[in-house]
$ cat work_30.csv   # CSV, C-alpha atoms
chain,number,residue,atom,x,y,z
S,290,MET,CA,-63.4,181.5,-53.4
S,291,ASP,CA,-64.9,184.9,-53.6
S,292,PHE,CA,-65.0,186.6,-50.3
S,293,SER,CA,-66.3,190.0,-51.5
S,294,ALA,CA,-69.9,189.4,-50.3
S,295,LEU,CA,-68.7,188.3,-46.9
S,296,ASN,CA,-66.3,191.2,-46.6
S,297,LYS,CA,-69.1,193.6,-47.6
S,298,LYS,CA,-71.5,192.1,-45.0
S,299,THR,CA,-68.8,192.3,-42.3
S,300,SER,CA,-68.0,195.9,-43.2
S,301,ASP,CA,-71.6,196.9,-43.1
S,302,SER,CA,-72.2,195.2,-39.8
S,303,PHE,CA,-69.1,197.0,-38.3
S,304,ALA,CA,-70.3,200.4,-39.6
S,305,LYS,CA,-73.8,199.8,-38.2
S,306,GLN,CA,-72.5,198.9,-34.7
S,307,ARG,CA,-70.0,201.8,-34.7
S,308,ASN,CA,-72.8,204.2,-35.6
S,309,MET,CA,-75.0,202.7,-32.9
S,310,LEU,CA,-72.3,203.2,-30.3
S,311,LYS,CA,-71.8,206.8,-31.4
S,312,LYS,CA,-75.5,207.5,-31.0
S,313,LEU,CA,-75.7,205.8,-27.6
S,314,GLY,CA,-72.6,207.6,-26.4
S,315,LYS,CA,-74.3,210.9,-27.3
S,316,GLY,CA,-77.4,210.0,-25.2
S,317,GLN,CA,-79.7,209.2,-28.0
S,318,THR,CA,-82.3,206.4,-27.5
S,319,LEU,CA,-82.1,203.4,-29.8
S,320,TYR,CA,-84.3,200.4,-29.8
S,321,CYS,CA,-83.6,196.6,-30.1
S,322,GLU,CA,-84.5,195.3,-33.5
S,323,ALA,CA,-86.0,192.2,-32.0
S,324,CYS,CA,-88.1,193.3,-29.0
S,325,LYS,CA,-88.2,197.1,-29.6
S,326,GLY,CA,-87.0,197.7,-26.1
S,327,ALA,CA,-84.6,200.6,-25.3
S,328,LEU,CA,-80.8,199.8,-25.6
S,329,THR,CA,-78.5,200.8,-22.8
S,330,LEU,CA,-74.8,201.4,-22.9
S,331,ASP,CA,-72.9,200.4,-19.8
S,332,LEU,CA,-69.2,201.2,-19.6
S,333,LYS,CA,-68.8,200.6,-15.9
S,334,THR,CA,-69.0,196.8,-15.7
S,335,ASP,CA,-67.2,194.6,-13.2
S,336,GLN,CA,-64.8,193.5,-15.8
S,337,PRO,CA,-62.0,196.1,-16.4
S,338,GLY,CA,-61.7,197.3,-20.0
S,339,LYS,CA,-65.2,195.9,-20.9
S,340,GLY,CA,-68.5,197.5,-21.7
S,341,VAL,CA,-71.8,196.2,-22.9
S,342,VAL,CA,-74.8,197.3,-25.0
S,343,ARG,CA,-78.0,195.4,-24.3
S,344,CYS,CA,-81.8,195.5,-24.1
S,345,ALA,CA,-83.8,194.6,-21.0
S,346,LYS,CA,-84.9,191.2,-22.5
S,347,GLY,CA,-81.4,190.3,-23.6
S,348,CYS,CA,-82.1,189.9,-27.3
S,349,THR,CA,-79.3,192.4,-28.0
S,350,ASP,CA,-76.2,191.8,-25.9
S,351,ILE,CA,-73.0,193.2,-27.4
S,352,LEU,CA,-69.8,192.9,-25.4
S,353,LEU,CA,-67.3,195.8,-26.0
S,354,GLU,CA,-63.6,195.8,-25.5
S,355,LEU,CA,-62.4,199.2,-24.4
S,356,GLY,CA,-58.9,200.2,-25.0
$ encode --input "work_30.csv" --output "structure tokens"
Amino acid sequence: MDFSALNKKTSDSFAKQRNMLKKLGKGQTLYCEACKGALTLDLKTDQPGKGVVRCAKGCTDILLELG
């Protein structure tokens, strides 16, 4: 089996999400690819050690593990 395509896709996805988090952390406004609504970064959730990036409609909903 050749996993190079899967590894490349995974690596690209990780880099894209990392860059998104950097920009949101700096206060830049980013938009959901599906609904074009503004994304928000919430690091003060009720779950300790967790954060979330989401749009108002819920199309984008990324759970973060903070450590």
$ residues_around --input "work_30.csv" --residues "region 308-313 of chain S" --least-positions-apart "5" --cutoff "12 Å" --atoms "only C-alpha atoms" --output "PDB file with C-alpha atoms, keeping the file's coordinate frame"
ATOM      1  CA  ASP S 301     -71.600 196.900 -43.100  1.00  0.00           C
ATOM      2  CA  SER S 302     -72.200 195.200 -39.800  1.00  0.00           C
ATOM      3  CA  PHE S 303     -69.100 197.000 -38.300  1.00  0.00           C
ATOM      4  CA  THR S 318     -82.300 206.400 -27.500  1.00  0.00           C
ATOM      5  CA  LEU S 319     -82.100 203.400 -29.800  1.00  0.00           C
ATOM      6  CA  TYR S 320     -84.300 200.400 -29.800  1.00  0.00           C
ATOM      7  CA  CYS S 321     -83.600 196.600 -30.100  1.00  0.00           C
ATOM      8  CA  ALA S 327     -84.600 200.600 -25.300  1.00  0.00           C
ATOM      9  CA  LEU S 328     -80.800 199.800 -25.600  1.00  0.00           C
ATOM     10  CA  THR S 329     -78.500 200.800 -22.800  1.00  0.00           C
ATOM     11  CA  LEU S 330     -74.800 201.400 -22.900  1.00  0.00           C
ATOM     12  CA  ASP S 331     -72.900 200.400 -19.800  1.00  0.00           C
ATOM     13  CA  LEU S 332     -69.200 201.200 -19.600  1.00  0.00           C
ATOM     14  CA  GLY S 340     -68.500 197.500 -21.700  1.00  0.00           C
ATOM     15  CA  VAL S 341     -71.800 196.200 -22.900  1.00  0.00           C
ATOM     16  CA  VAL S 342     -74.800 197.300 -25.000  1.00  0.00           C
ATOM     17  CA  ARG S 343     -78.000 195.400 -24.300  1.00  0.00           C
ATOM     18  CA  ILE S 351     -73.000 193.200 -27.400  1.00  0.00           C
ATOM     19  CA  LEU S 352     -69.800 192.900 -25.400  1.00  0.00           C
ATOM     20  CA  LEU S 353     -67.300 195.800 -26.000  1.00  0.00           C
TER      21      LEU S 353
END
$ atom_distance --input "work_30.csv" --atom1 "CA of Ser293 (chain S)" --atom2 "CA of Thr349 (chain S)"
27.0 Å
$ atom_distance --input "work_30.csv" --atom1 "CA of Lys325 (chain S)" --atom2 "CA of Gln306 (chain S)"
16.6 Å
$ atom_distance --input "work_30.csv" --atom1 "CA of Ala304 (chain S)" --atom2 "CA of Asp350 (chain S)"
17.2 Å
$ residues_around --input "work_30.csv" --residues "Cys348 (chain S)" --least-positions-apart "3" --cutoff "9 Å" --atoms "all atoms listed in the file" --output "list in words"
Cys321, Glu322, Ala323, Cys324, Arg343, Cys344 and Ala345 of chain S
